[in-house]
Amino acid sequence: MNDRTCGPERAERGELERLLPAPAERDLPPGRHLHHKDTLMRLIDQDGDRATARPRPRLLRPAVLLPAAGLALGAVLLTTLAVTGQDRDPAPSAAGASSGTTAPRGAAVLLDQIASVARKSDELKVTDDQFVYVRTLEAGSEGTLGGPLRMTAPSEREIWITQKAGPVVEEGLIHEDGSYGPITVGVPDGETPVGYPAGFNRPTYTWLASLPTDPDALLRRITTEITQDQDSRDTPAGDRNPAQDAFDIIGELLGGTVMPPKTAAALYKAAAKIPGVTVDPDVVDAAGRHGIGVARDDVRDGWHTTWIFDSATLEYLGQRTSLIRDTSMGKKGTLLSKSAVLERGVVDALRERPSTGMPSAGEPSTT
């Protein structure tokens with residue numbers, strides 16, 4: 001610790017030291033800071049009134065069909081969970097999300113420490129013909145539309161995401177509830193699918209490595225993309241919240257793929273510049289692991305989202321989201337979703353796993 005630190009900052013760092021009982025100065029094993037994408041989504045079974053709901057960033061991610069056991073592909077929709085409420089977060093301009101008021105000092109110091117550790121992870125060489133692999137535990141909420149929700153039991157999910165730079169329609173493969181199915185760009189019935197190139201809609205390792213590593217420039221890039229996406233969908237100005245959207249998108253990027261070290265560090269530092277970001281001293285992921293959290297209240301939609309990190313190593317563990325006020329979905333504090341990263345890496349073929357280096361016994365290497 002720097003002995004020249006002033007009194008208030010020294011006190012804040014002291015508080016963080018109590019929250020982080022073990023120092024995070026050492027190098028960690030390769031791959032420890034690769035970040036998982038928690039595919040926050042809402043699955044609607046059109047054959048009935050039951051729905052599985054998970055809060056999800058409202059922007060950038062295209063509609064994707066994720067097959068699940070017992071649901072036909074055509075009956076699975078990716079959508080946004082809408083929560084009514086009059087309270088609104090401050091809505092800074094695109095430039096304002098990267099200037100002016102920033103996260104409280106404690107959160108900024110924590111994010112700076114996480115960035116320093118993330119920067120030490122290994123740079124990978126990832127080619128177009130490879131796949132990012134992520135294995136997670138996921139738990140969401142289910143119930144009737146507009147009614148109270150209840151948590152589902154955590155279930156294991158594996159995804160393989162193509163790293164091709166050019167536009168693709170089939171983005172990869174998902175394994176969940178004992179079955180495999182393609183992750184495919186979704187379109188309205190009767191329309192021809194249009195593939196997505198590498199970008200915010202489909203962040204490949206190579207594309208992520210091309211992003212600005214200056215936190216201010218990176219946050220400006222993110223907020224510009226947000227604005228352009230909302231303009232293309234004619235989103236009313238009153239429904240826009242650049243600060244929350246930037247937090248959601250950074251969380252999606254950090255959680256969604258294998259992350260280049262410099263990009264991950266820049267994203268953490270950019271998150272520290274978002275107003276309203278705070279520290280949760282003790283949070284539990286879907287695997288039951290306790291950690292320290294970086295969080296933000298979405299006052300508009302009524303929930304509190306936390307990115308969870310190991311308190312000793314600052315490794316990314318997962319996310320959780322809960323209600324911050326009473327709504328039709330449940331009482332204040334009701335847990336809506338939680339996730340835990342179990343394994344991730346880069347592999348050469350679909351169904352291949354980093355832990356084994358080959359497809360599971362009896363499984364072909366492609367679909």
# chains A, B, ... in the order shown; residues from 1 in each chain; ligands from 1

$ residues_around --residues "segment 161-165 of chain A" --least-positions-apart "6" --cutoff "7 Å" --atoms "only C-alpha atoms" --output "list in words"
Thr127, Asp128, Asp129, Gln130, Phe131, Val132, Tyr133, Glu171, Gly172, Leu173, Pro197, Ala198 and Thr204 of chain A

$ write_last_selection --atoms "all heavy atoms" --output "mmCIF file, in the first residue's frame"
data_model
loop_
_atom_site.group_PDB
_atom_site.id
_atom_site.type_symbol
_atom_site.label_atom_id
_atom_site.label_comp_id
_atom_site.auth_asym_id
_atom_site.auth_seq_id
_atom_site.Cartn_x
_atom_site.Cartn_y
_atom_site.Cartn_z
ATOM 1 N N THR A 127 -8.098 -18.294 -32.599
ATOM 2 C CA THR A 127 -8.303 -18.234 -34.043
ATOM 3 C C THR A 127 -9.782 -18.344 -34.393
ATOM 4 O O THR A 127 -10.616 -18.743 -33.567
ATOM 5 C CB THR A 127 -7.527 -19.361 -34.740
ATOM 6 O OG1 THR A 127 -8.010 -20.628 -34.255
ATOM 7 C CG2 THR A 127 -6.036 -19.246 -34.432
ATOM 8 N N ASP A 128 -10.107 -17.997 -35.646
ATOM 9 C CA ASP A 128 -11.496 -17.982 -36.096
ATOM 10 C C ASP A 128 -12.170 -19.345 -36.014
ATOM 11 O O ASP A 128 -13.402 -19.420 -35.922
ATOM 12 C CB ASP A 128 -11.572 -17.477 -37.540
ATOM 13 C CG ASP A 128 -11.506 -15.961 -37.621
ATOM 14 O OD1 ASP A 128 -11.221 -15.336 -36.590
ATOM 15 O OD2 ASP A 128 -11.736 -15.411 -38.711
ATOM 16 N N ASP A 129 -11.393 -20.414 -36.097
ATOM 17 C CA ASP A 129 -12.000 -21.743 -36.122
ATOM 18 C C ASP A 129 -12.130 -22.356 -34.728
ATOM 19 O O ASP A 129 -12.500 -23.520 -34.588
ATOM 20 C CB ASP A 129 -11.204 -22.684 -37.027
ATOM 21 C CG ASP A 129 -9.744 -22.817 -36.602
ATOM 22 O OD1 ASP A 129 -9.298 -22.044 -35.734
ATOM 23 O OD2 ASP A 129 -9.052 -23.692 -37.160
ATOM 24 N N GLN A 130 -11.868 -21.583 -33.687
ATOM 25 C CA GLN A 130 -11.998 -22.077 -32.330
ATOM 26 C C GLN A 130 -13.307 -21.614 -31.691
ATOM 27 O O GLN A 130 -14.072 -20.845 -32.284
ATOM 28 C CB GLN A 130 -10.801 -21.625 -31.490
ATOM 29 C CG GLN A 130 -9.488 -22.292 -31.885
ATOM 30 C CD GLN A 130 -8.338 -21.880 -30.989
ATOM 31 O OE1 GLN A 130 -8.020 -20.698 -30.860
ATOM 32 N NE2 GLN A 130 -7.705 -22.864 -30.360
ATOM 33 N N PHE A 131 -13.543 -22.084 -30.460
ATOM 34 C CA PHE A 131 -14.776 -21.781 -29.738
ATOM 35 C C PHE A 131 -14.443 -21.407 -28.297
ATOM 36 O O PHE A 131 -13.560 -22.003 -27.680
ATOM 37 C CB PHE A 131 -15.728 -22.985 -29.732
ATOM 38 C CG PHE A 131 -16.148 -23.431 -31.094
ATOM 39 C CD1 PHE A 131 -15.349 -24.317 -31.818
ATOM 40 C CD2 PHE A 131 -17.326 -22.974 -31.663
ATOM 41 C CE1 PHE A 131 -15.728 -24.732 -33.084
ATOM 42 C CE2 PHE A 131 -17.710 -23.381 -32.931
ATOM 43 C CZ PHE A 131 -16.907 -24.258 -33.647
ATOM 44 N N VAL A 132 -15.173 -20.419 -27.770
ATOM 45 C CA VAL A 132 -15.103 -20.121 -26.342
ATOM 46 C C VAL A 132 -16.089 -21.049 -25.636
ATOM 47 O O VAL A 132 -17.250 -21.195 -26.050
ATOM 48 C CB VAL A 132 -15.445 -18.652 -26.060
ATOM 49 C CG1 VAL A 132 -15.821 -18.453 -24.600
ATOM 50 C CG2 VAL A 132 -14.268 -17.767 -26.418
ATOM 51 N N TYR A 133 -15.614 -21.693 -24.581
ATOM 52 C CA TYR A 133 -16.422 -22.630 -23.804
ATOM 53 C C TYR A 133 -16.670 -22.051 -22.419
ATOM 54 O O TYR A 133 -15.746 -21.526 -21.779
ATOM 55 C CB TYR A 133 -15.679 -23.958 -23.671
ATOM 56 C CG TYR A 133 -16.297 -24.923 -22.670
ATOM 57 C CD1 TYR A 133 -17.295 -25.808 -23.060
ATOM 58 C CD2 TYR A 133 -15.864 -24.948 -21.346
ATOM 59 C CE1 TYR A 133 -17.856 -26.700 -22.151
ATOM 60 C CE2 TYR A 133 -16.417 -25.834 -20.433
ATOM 61 C CZ TYR A 133 -17.414 -26.712 -20.838
ATOM 62 O OH TYR A 133 -17.958 -27.582 -19.931
ATOM 63 N N GLU A 171 -24.472 -19.246 -33.886
ATOM 64 C CA GLU A 171 -23.408 -18.688 -33.056
ATOM 65 C C GLU A 171 -22.668 -19.733 -32.246
ATOM 66 O O GLU A 171 -21.571 -19.476 -31.744
ATOM 67 C CB GLU A 171 -23.985 -17.638 -32.104
ATOM 68 C CG GLU A 171 -24.606 -16.455 -32.828
ATOM 69 C CD GLU A 171 -24.955 -15.335 -31.863
ATOM 70 O OE1 GLU A 171 -24.136 -15.051 -30.960
ATOM 71 O OE2 GLU A 171 -26.033 -14.764 -31.997
ATOM 72 N N GLY A 172 -23.247 -20.903 -32.090
ATOM 73 C CA GLY A 172 -22.575 -21.917 -31.298
ATOM 74 C C GLY A 172 -23.523 -23.024 -30.888
ATOM 75 O O GLY A 172 -24.490 -23.333 -31.588
ATOM 76 N N LEU A 173 -23.256 -23.604 -29.706
ATOM 77 C CA LEU A 173 -23.984 -24.772 -29.229
ATOM 78 C C LEU A 173 -24.243 -24.617 -27.736
ATOM 79 O O LEU A 173 -23.424 -24.058 -27.007
ATOM 80 C CB LEU A 173 -23.138 -26.029 -29.482
ATOM 81 C CG LEU A 173 -23.769 -27.387 -29.175
ATOM 82 C CD1 LEU A 173 -24.852 -27.717 -30.203
ATOM 83 C CD2 LEU A 173 -22.691 -28.473 -29.181
ATOM 84 N N PRO A 197 -21.831 -9.987 -37.384
ATOM 85 C CA PRO A 197 -20.359 -10.029 -37.337
ATOM 86 C C PRO A 197 -19.886 -9.858 -35.903
ATOM 87 O O PRO A 197 -20.676 -9.545 -35.004
ATOM 88 C CB PRO A 197 -19.965 -8.823 -38.201
ATOM 89 C CG PRO A 197 -21.089 -7.853 -38.009
ATOM 90 C CD PRO A 197 -22.332 -8.693 -37.877
ATOM 91 N N ALA A 198 -18.592 -10.051 -35.699
ATOM 92 C CA ALA A 198 -18.026 -9.820 -34.374
ATOM 93 C C ALA A 198 -18.264 -8.365 -33.972
ATOM 94 O O ALA A 198 -18.121 -7.446 -34.782
ATOM 95 C CB ALA A 198 -16.544 -10.132 -34.374
ATOM 96 N N THR A 204 -16.223 -11.554 -29.925
ATOM 97 C CA THR A 204 -15.171 -12.564 -30.004
ATOM 98 C C THR A 204 -13.923 -12.064 -29.282
ATOM 99 O O THR A 204 -13.779 -10.864 -29.006
ATOM 100 C CB THR A 204 -14.808 -12.861 -31.458
ATOM 101 O OG1 THR A 204 -14.241 -11.684 -32.056
ATOM 102 C CG2 THR A 204 -16.033 -13.294 -32.267
#

$ select_by_dssp --residues "segment 162-270 of chain A" --states "strand (DSSP E or B)" --output "ChimeraX atom specification"
/A:162,168,170-176,179-185,196,199,202,257

$ residues_around --residues "Leu267 of chain A" --least-positions-apart "2" --cutoff "10 Å" --atoms "only C-alpha atoms" --output "JSON, numbers by chain"
{"A": [111, 115, 211, 212, 213, 214, 215, 216, 218, 219, 247, 250, 251, 253, 254, 261, 262, 263, 264, 265, 269, 270, 271, 272]}

$ select_by_dssp --residues "segment 158-309 of chain A" --states "alpha helix (DSSP H)" --output "MDAnalysis selection string"
chainID A and resid 205:209 215:232 242:256 261:271

$ closest_residue --among "A:Arg353, A:Arg240, A:Lys331, A:His304" --to "Gln228 of chain A" --atoms "only C-alpha atoms"
A:Arg240

$ closest_residue --among "A:Glu123, A:His175, A:Val294, A:Ala107" --to "Glu352 of chain A" --atoms "only C-alpha atoms"
A:His175

$ atom_distance --atom1 "atom CA of Tyr205 of chain A" --atom2 "atom CA of Asp348 of chain A"
14.1 Å

$ closest_residue --among "A:Phe200, A:Val346, A:Ala139, A:Met259" --to "Ser121 of chain A" --atoms "only C-alpha atoms"
A:Met259

$ closest_residue --among "A:Gly181, A:Gly166, A:Pro104, A:Gly291" --to "Leu350 of chain A" --atoms "only C-alpha atoms"
A:Gly181

$ atom_distance --atom1 "atom CA of Gly140 of chain A" --atom2 "atom CA of Pro188 of chain A"
25.5 Å

$ atom_distance --atom1 "atom CA of Val283 of chain A" --atom2 "atom CA of Gln113 of chain A"
18.0 Å

$ residues_around --residues "Asp282 of chain A" --least-positions-apart "4" --cutoff "7 Å" --atoms "only C-alpha atoms" --output "PyMOL selection string"
chain A and resi 290-293
